[in-house]
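Chemist: Contents of final-v4.cif (mmCIF, N, CA and C atoms) are given next:
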```cif
data_protein
loop_
_atom_site.label_atom_id
_atom_site.label_comp_id
_atom_site.auth_asym_id
_atom_site.auth_seq_id
_atom_site.Cartn_x
_atom_site.Cartn_y
_atom_site.Cartn_z
N MET L 12 -17.02 -16.68 46.85
CA MET L 12 -17.79 -15.79 46.01
C MET L 12 -17.61 -14.34 46.46
N GLN L 13 -17.69 -14.14 47.78
CA GLN L 13 -17.53 -12.78 48.32
C GLN L 13 -16.11 -12.28 48.08
N ALA L 14 -15.14 -13.18 48.19
CA ALA L 14 -13.74 -12.76 48.00
C ALA L 14 -13.51 -12.31 46.55
N THR L 15 -14.14 -13.00 45.62
CA THR L 15 -13.98 -12.63 44.21
C THR L 15 -14.58 -11.26 43.94
N LYS L 16 -15.75 -11.00 44.53
CA LYS L 16 -16.39 -9.69 44.34
C LYS L 16 -15.55 -8.58 44.97
N ARG L 17 -15.01 -8.84 46.14
CA ARG L 17 -14.19 -7.82 46.81
C ARG L 17 -12.90 -7.58 46.02
N LEU L 18 -12.33 -8.67 45.53
CA LEU L 18 -11.09 -8.50 44.74
C LEU L 18 -11.38 -7.71 43.46
N GLY L 19 -12.51 -7.97 42.81
CA GLY L 19 -12.88 -7.23 41.62
C GLY L 19 -13.13 -5.76 41.91
N ALA L 20 -13.81 -5.48 43.05
CA ALA L 20 -14.06 -4.09 43.42
C ALA L 20 -12.75 -3.37 43.74
N LEU L 21 -11.84 -4.07 44.43
CA LEU L 21 -10.54 -3.47 44.74
C LEU L 21 -9.76 -3.17 43.46
N ALA L 22 -9.80 -4.10 42.51
CA ALA L 22 -9.10 -3.87 41.24
C ALA L 22 -9.70 -2.69 40.48
N ALA L 23 -11.02 -2.54 40.55
CA ALA L 23 -11.66 -1.42 39.87
C ALA L 23 -11.25 -0.10 40.51
N VAL L 24 -11.21 -0.05 41.83
CA VAL L 24 -10.82 1.19 42.53
C VAL L 24 -9.37 1.53 42.22
N VAL L 25 -8.49 0.55 42.23
CA VAL L 25 -7.08 0.81 41.93
C VAL L 25 -6.94 1.27 40.47
N GLY L 26 -7.69 0.67 39.57
CA GLY L 26 -7.63 1.09 38.17
C GLY L 26 -8.11 2.51 37.98
N LEU L 27 -9.22 2.87 38.63
CA LEU L 27 -9.71 4.25 38.54
C LEU L 27 -8.73 5.24 39.14
N ALA L 28 -8.08 4.86 40.22
CA ALA L 28 -7.08 5.74 40.83
C ALA L 28 -5.91 5.95 39.86
N ALA L 29 -5.49 4.88 39.20
CA ALA L 29 -4.38 5.02 38.26
C ALA L 29 -4.76 5.93 37.09
N VAL L 30 -6.00 5.80 36.62
CA VAL L 30 -6.45 6.67 35.54
C VAL L 30 -6.52 8.11 36.02
N GLY L 31 -6.98 8.31 37.24
CA GLY L 31 -7.03 9.68 37.79
C GLY L 31 -5.66 10.31 37.93
N VAL L 32 -4.68 9.53 38.36
CA VAL L 32 -3.32 10.05 38.51
C VAL L 32 -2.75 10.38 37.13
N ALA L 33 -3.04 9.54 36.15
CA ALA L 33 -2.52 9.78 34.81
C ALA L 33 -3.19 10.98 34.15
N ALA L 34 -4.40 11.31 34.58
CA ALA L 34 -5.13 12.41 33.96
C ALA L 34 -4.82 13.76 34.57
N ILE L 35 -4.05 13.80 35.64
CA ILE L 35 -3.71 15.07 36.28
C ILE L 35 -2.83 15.88 35.33
N PRO L 36 -3.21 17.15 35.07
CA PRO L 36 -2.38 17.96 34.18
C PRO L 36 -1.01 18.22 34.82
N SER L 37 0.01 18.13 34.00
CA SER L 37 1.36 18.40 34.49
C SER L 37 2.19 18.95 33.35
N LYS L 38 3.42 19.23 33.64
CA LYS L 38 4.33 19.75 32.65
C LYS L 38 4.55 18.70 31.56
N ALA L 39 4.60 19.14 30.30
CA ALA L 39 4.76 18.21 29.19
C ALA L 39 6.21 17.79 29.07
N GLU L 40 6.49 16.59 29.53
CA GLU L 40 7.82 16.01 29.41
C GLU L 40 7.67 14.58 28.94
N ALA L 41 8.71 14.07 28.38
CA ALA L 41 8.67 12.69 27.94
C ALA L 41 8.53 11.78 29.14
N TRP L 42 7.77 10.72 29.00
CA TRP L 42 7.51 9.85 30.14
C TRP L 42 8.77 9.15 30.63
N TRP L 43 9.75 8.91 29.71
CA TRP L 43 10.93 8.19 30.15
C TRP L 43 11.89 9.07 30.95
N ARG L 44 11.68 10.38 30.86
CA ARG L 44 12.53 11.26 31.66
C ARG L 44 12.08 11.28 33.11
N GLY L 45 10.82 10.98 33.33
CA GLY L 45 10.35 10.86 34.70
C GLY L 45 10.15 12.18 35.41
N GLY L 46 10.28 13.29 34.74
CA GLY L 46 10.06 14.58 35.38
C GLY L 46 11.17 14.98 36.35
N TRP L 47 12.26 14.30 36.28
CA TRP L 47 13.36 14.62 37.21
C TRP L 47 14.20 15.74 36.63
N CYS L 48 14.34 16.77 37.37
CA CYS L 48 15.19 17.87 36.95
C CYS L 48 16.06 18.28 38.13
N CYS L 49 17.31 18.26 37.92
CA CYS L 49 18.27 18.67 38.94
C CYS L 49 18.14 17.80 40.19
N GLY L 50 17.76 16.56 40.05
CA GLY L 50 17.69 15.64 41.17
C GLY L 50 16.44 15.78 42.02
N VAL L 51 15.47 16.59 41.60
CA VAL L 51 14.25 16.77 42.41
C VAL L 51 13.05 16.44 41.54
N GLY L 52 12.11 15.70 42.09
CA GLY L 52 10.90 15.40 41.35
C GLY L 52 10.26 14.11 41.83
N ILE L 53 8.97 14.15 41.91
CA ILE L 53 8.22 12.97 42.33
C ILE L 53 7.07 12.81 41.34
N GLY L 54 6.85 11.62 40.87
CA GLY L 54 5.74 11.41 39.95
C GLY L 54 5.61 9.96 39.56
N ILE L 55 4.42 9.62 39.19
CA ILE L 55 4.17 8.27 38.70
C ILE L 55 3.90 8.42 37.21
N TYR L 56 4.70 7.75 36.42
CA TYR L 56 4.56 7.86 34.98
C TYR L 56 4.31 6.49 34.38
N VAL L 57 3.42 6.46 33.46
CA VAL L 57 3.08 5.23 32.75
C VAL L 57 3.39 5.46 31.28
N PRO L 58 4.05 4.50 30.65
CA PRO L 58 4.33 4.70 29.23
C PRO L 58 3.03 4.80 28.43
N PRO L 59 3.06 5.54 27.33
CA PRO L 59 1.83 5.70 26.56
C PRO L 59 1.38 4.38 25.93
N VAL L 60 0.10 4.12 26.05
CA VAL L 60 -0.49 2.92 25.47
C VAL L 60 -1.60 3.38 24.55
N VAL L 61 -1.52 2.99 23.30
CA VAL L 61 -2.54 3.38 22.33
C VAL L 61 -3.45 2.19 22.09
N VAL L 62 -4.73 2.41 22.35
CA VAL L 62 -5.71 1.36 22.12
C VAL L 62 -6.65 1.87 21.04
N ALA L 63 -6.57 1.27 19.87
CA ALA L 63 -7.39 1.71 18.75
C ALA L 63 -7.62 0.52 17.84
N PRO L 64 -8.70 0.55 17.11
CA PRO L 64 -8.92 -0.55 16.17
C PRO L 64 -7.89 -0.49 15.04
N PRO L 65 -7.59 -1.62 14.44
CA PRO L 65 -6.63 -1.58 13.33
C PRO L 65 -7.16 -0.76 12.17
N VAL L 66 -6.25 -0.10 11.51
CA VAL L 66 -6.62 0.77 10.39
C VAL L 66 -6.42 -0.02 9.10
N TYR L 67 -7.46 -0.10 8.32
CA TYR L 67 -7.37 -0.80 7.05
C TYR L 67 -7.34 0.22 5.92
N ALA L 68 -6.41 0.02 5.00
CA ALA L 68 -6.32 0.91 3.84
C ALA L 68 -7.43 0.54 2.86
N PRO L 69 -7.96 1.53 2.17
CA PRO L 69 -8.98 1.21 1.18
C PRO L 69 -8.38 0.37 0.05
N PRO L 70 -9.18 -0.40 -0.61
CA PRO L 70 -8.62 -1.22 -1.69
C PRO L 70 -8.06 -0.34 -2.80
N VAL L 71 -7.01 -0.83 -3.39
CA VAL L 71 -6.33 -0.08 -4.46
C VAL L 71 -6.78 -0.66 -5.79
N TYR L 72 -7.24 0.20 -6.65
CA TYR L 72 -7.66 -0.22 -7.97
C TYR L 72 -6.62 0.23 -8.99
N TYR L 73 -6.15 -0.71 -9.75
CA TYR L 73 -5.16 -0.40 -10.76
C TYR L 73 -5.84 -0.30 -12.12
N ALA L 74 -5.31 0.54 -12.97
CA ALA L 74 -5.86 0.68 -14.32
C ALA L 74 -5.58 -0.61 -15.09
N PRO L 75 -6.49 -0.99 -15.97
CA PRO L 75 -6.23 -2.21 -16.75
C PRO L 75 -5.04 -1.99 -17.67
N PRO L 76 -4.35 -3.06 -18.00
CA PRO L 76 -3.19 -2.89 -18.89
C PRO L 76 -3.66 -2.39 -20.25
N PRO L 77 -2.80 -1.69 -20.96
CA PRO L 77 -3.21 -1.20 -22.28
C PRO L 77 -3.52 -2.37 -23.21
N ALA L 78 -4.50 -2.17 -24.05
CA ALA L 78 -4.90 -3.23 -24.97
C ALA L 78 -3.77 -3.49 -25.97
N TYR L 79 -3.60 -4.75 -26.28
CA TYR L 79 -2.56 -5.13 -27.24
C TYR L 79 -3.21 -5.37 -28.60
N TYR L 80 -2.76 -4.64 -29.56
CA TYR L 80 -3.22 -4.83 -30.92
C TYR L 80 -2.02 -5.30 -31.74
N PRO L 81 -2.10 -6.47 -32.35
CA PRO L 81 -0.94 -6.93 -33.13
C PRO L 81 -0.73 -6.01 -34.33
N PRO L 82 0.51 -5.92 -34.75
CA PRO L 82 0.77 -5.03 -35.90
C PRO L 82 0.05 -5.57 -37.14
N PRO L 83 -0.35 -4.68 -38.01
CA PRO L 83 -1.05 -5.14 -39.22
C PRO L 83 -0.10 -5.94 -40.10
N PRO L 84 -0.65 -6.87 -40.84
CA PRO L 84 0.24 -7.66 -41.72
C PRO L 84 0.85 -6.75 -42.78
N PRO L 85 2.05 -7.06 -43.19
CA PRO L 85 2.69 -6.20 -44.20
C PRO L 85 1.89 -6.20 -45.50
N GLN L 86 1.83 -5.05 -46.09
CA GLN L 86 1.11 -4.92 -47.35
C GLN L 86 1.95 -5.55 -48.46
N GLN L 87 1.33 -6.46 -49.17
CA GLN L 87 2.07 -7.14 -50.22
C GLN L 87 1.93 -6.43 -51.57
N GLY L 88 1.05 -5.50 -51.67
CA GLY L 88 0.87 -4.82 -52.94
C GLY L 88 -0.02 -5.64 -53.87
N THR L 89 0.20 -5.47 -55.14
CA THR L 89 -0.62 -6.19 -56.14
C THR L 89 0.25 -7.18 -56.89
N TRP L 90 -0.39 -8.25 -57.36
CA TRP L 90 0.33 -9.28 -58.10
C TRP L 90 0.47 -8.86 -59.57
N VAL L 91 1.68 -8.92 -60.03
CA VAL L 91 1.97 -8.60 -61.43
C VAL L 91 2.31 -9.93 -62.11
N PRO L 92 1.48 -10.37 -63.05
CA PRO L 92 1.77 -11.65 -63.72
C PRO L 92 3.04 -11.56 -64.59
N GLY L 93 3.56 -12.71 -64.92
CA GLY L 93 4.78 -12.75 -65.75
C GLY L 93 4.55 -12.06 -67.09
N HIS L 94 5.61 -11.41 -67.60
CA HIS L 94 5.49 -10.67 -68.86
C HIS L 94 6.89 -10.43 -69.45
N TYR L 95 6.88 -9.99 -70.68
CA TYR L 95 8.13 -9.61 -71.33
C TYR L 95 8.37 -8.13 -71.10
N GLU L 96 9.64 -7.81 -70.77
CA GLU L 96 10.00 -6.40 -70.58
C GLU L 96 11.35 -6.19 -71.28
N GLY L 97 11.30 -5.46 -72.40
CA GLY L 97 12.53 -5.18 -73.16
C GLY L 97 13.16 -6.44 -73.73
N GLY L 98 12.36 -7.39 -74.11
CA GLY L 98 12.89 -8.62 -74.69
C GLY L 98 13.26 -9.68 -73.67
N TYR L 99 13.10 -9.40 -72.38
CA TYR L 99 13.42 -10.36 -71.32
C TYR L 99 12.15 -10.78 -70.60
N TRP L 100 12.09 -12.06 -70.25
CA TRP L 100 10.93 -12.56 -69.51
C TRP L 100 11.08 -12.21 -68.04
N VAL L 101 10.04 -11.57 -67.48
CA VAL L 101 10.00 -11.22 -66.06
C VAL L 101 8.93 -12.12 -65.43
N PRO L 102 9.31 -13.03 -64.52
CA PRO L 102 8.29 -13.88 -63.91
C PRO L 102 7.34 -13.07 -63.03
N GLY L 103 6.21 -13.68 -62.67
CA GLY L 103 5.24 -12.99 -61.85
C GLY L 103 5.82 -12.61 -60.48
N HIS L 104 5.41 -11.49 -59.97
CA HIS L 104 5.93 -10.99 -58.69
C HIS L 104 4.95 -10.03 -58.05
N TRP L 105 5.21 -9.72 -56.79
CA TRP L 105 4.41 -8.71 -56.09
C TRP L 105 5.01 -7.35 -56.33
N ALA L 106 4.18 -6.38 -56.60
CA ALA L 106 4.66 -5.02 -56.87
C ALA L 106 4.85 -4.27 -55.58
#
```
Please re-express this file's structure in C-alpha cells.

Modeler:
Amino acid sequence: MQATKRLGALAAVVGLAAVGVAAIPSKAEAWWRGGWCCGVGIGIYVPPVVVAPPVYAPPVYYAPPPAYYPPPPPQQGTWVPGHYEGGYWVPGHWA
C-alpha cells in the first residue's frame, strides 16, 4: 500500500516537472528541429499534444424539394356535333 502511494507521488512530481520544463519560455522553433543550431543546443522537447473534446458540426437543414405540380390536361375545346358544310357531311369533332 505504501509503495503504491509513493509510486503515485513520484509520478505526480515527475509529471509536474515535465509540465514545468515544457512551460519555460524559449525561442519559437519547431519541436522536431530540437533547437539545434550550428551543432550547439540543449533542450527537452515534447511533440505537441492537443487534448480537446470532439467538435460536432451543427445539424444541416436542407430546403424541401420544390413541389411537383403535374401539367394541366390539354384543353380539348368544345364539341362540334356533326353537320353539313358546303354539301358535305362533317362528323362530330372537337374544335

Chemist: Could you check how far CA of Leu21 in chain L sits from CA of Ala63 in chain L, in Å to one decimal?

Modeler: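 Pair CA of Leu21 in chain L / CA of Ala63 in chain L returns 26.7 Å.
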
Chemist: To one decimal in Å, tell me the separation between CA of Trp105 in chain L and CA of Pro81 in chain L.

Modeler: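 Between CA of Trp105 in chain L and CA of Pro81 in chain L the gap works out to 23.6 Å.
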
Chemist: When you draw a straight line from atom N of Ala106 in chain L to atom C of His94 in chain L, how long is it in Å?

Modeler: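 Computing it gives 13.7 Å between the two atoms.
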
Chemist: Considering all atoms listed in the file, can you say which of L:Val62, L:Gly103, L:Leu27, L:Tyr73 comes closest to Val91 in chain L?

Modeler: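 Smallest separation from Val91 in chain L among the options: L:Gly103.
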
Chemist: As AutoDock Vina command-line options, what would the box around range 61-64 of chain L look like: edges along x, y and z, 3 Å added on every side, centre and edge lengths in Å to one decimal?

Modeler:
```
--center_x -5.2 --center_y 1.4 --center_z 19.2 --size_x 13.4 --size_y 9.9 --size_z 14.3
```
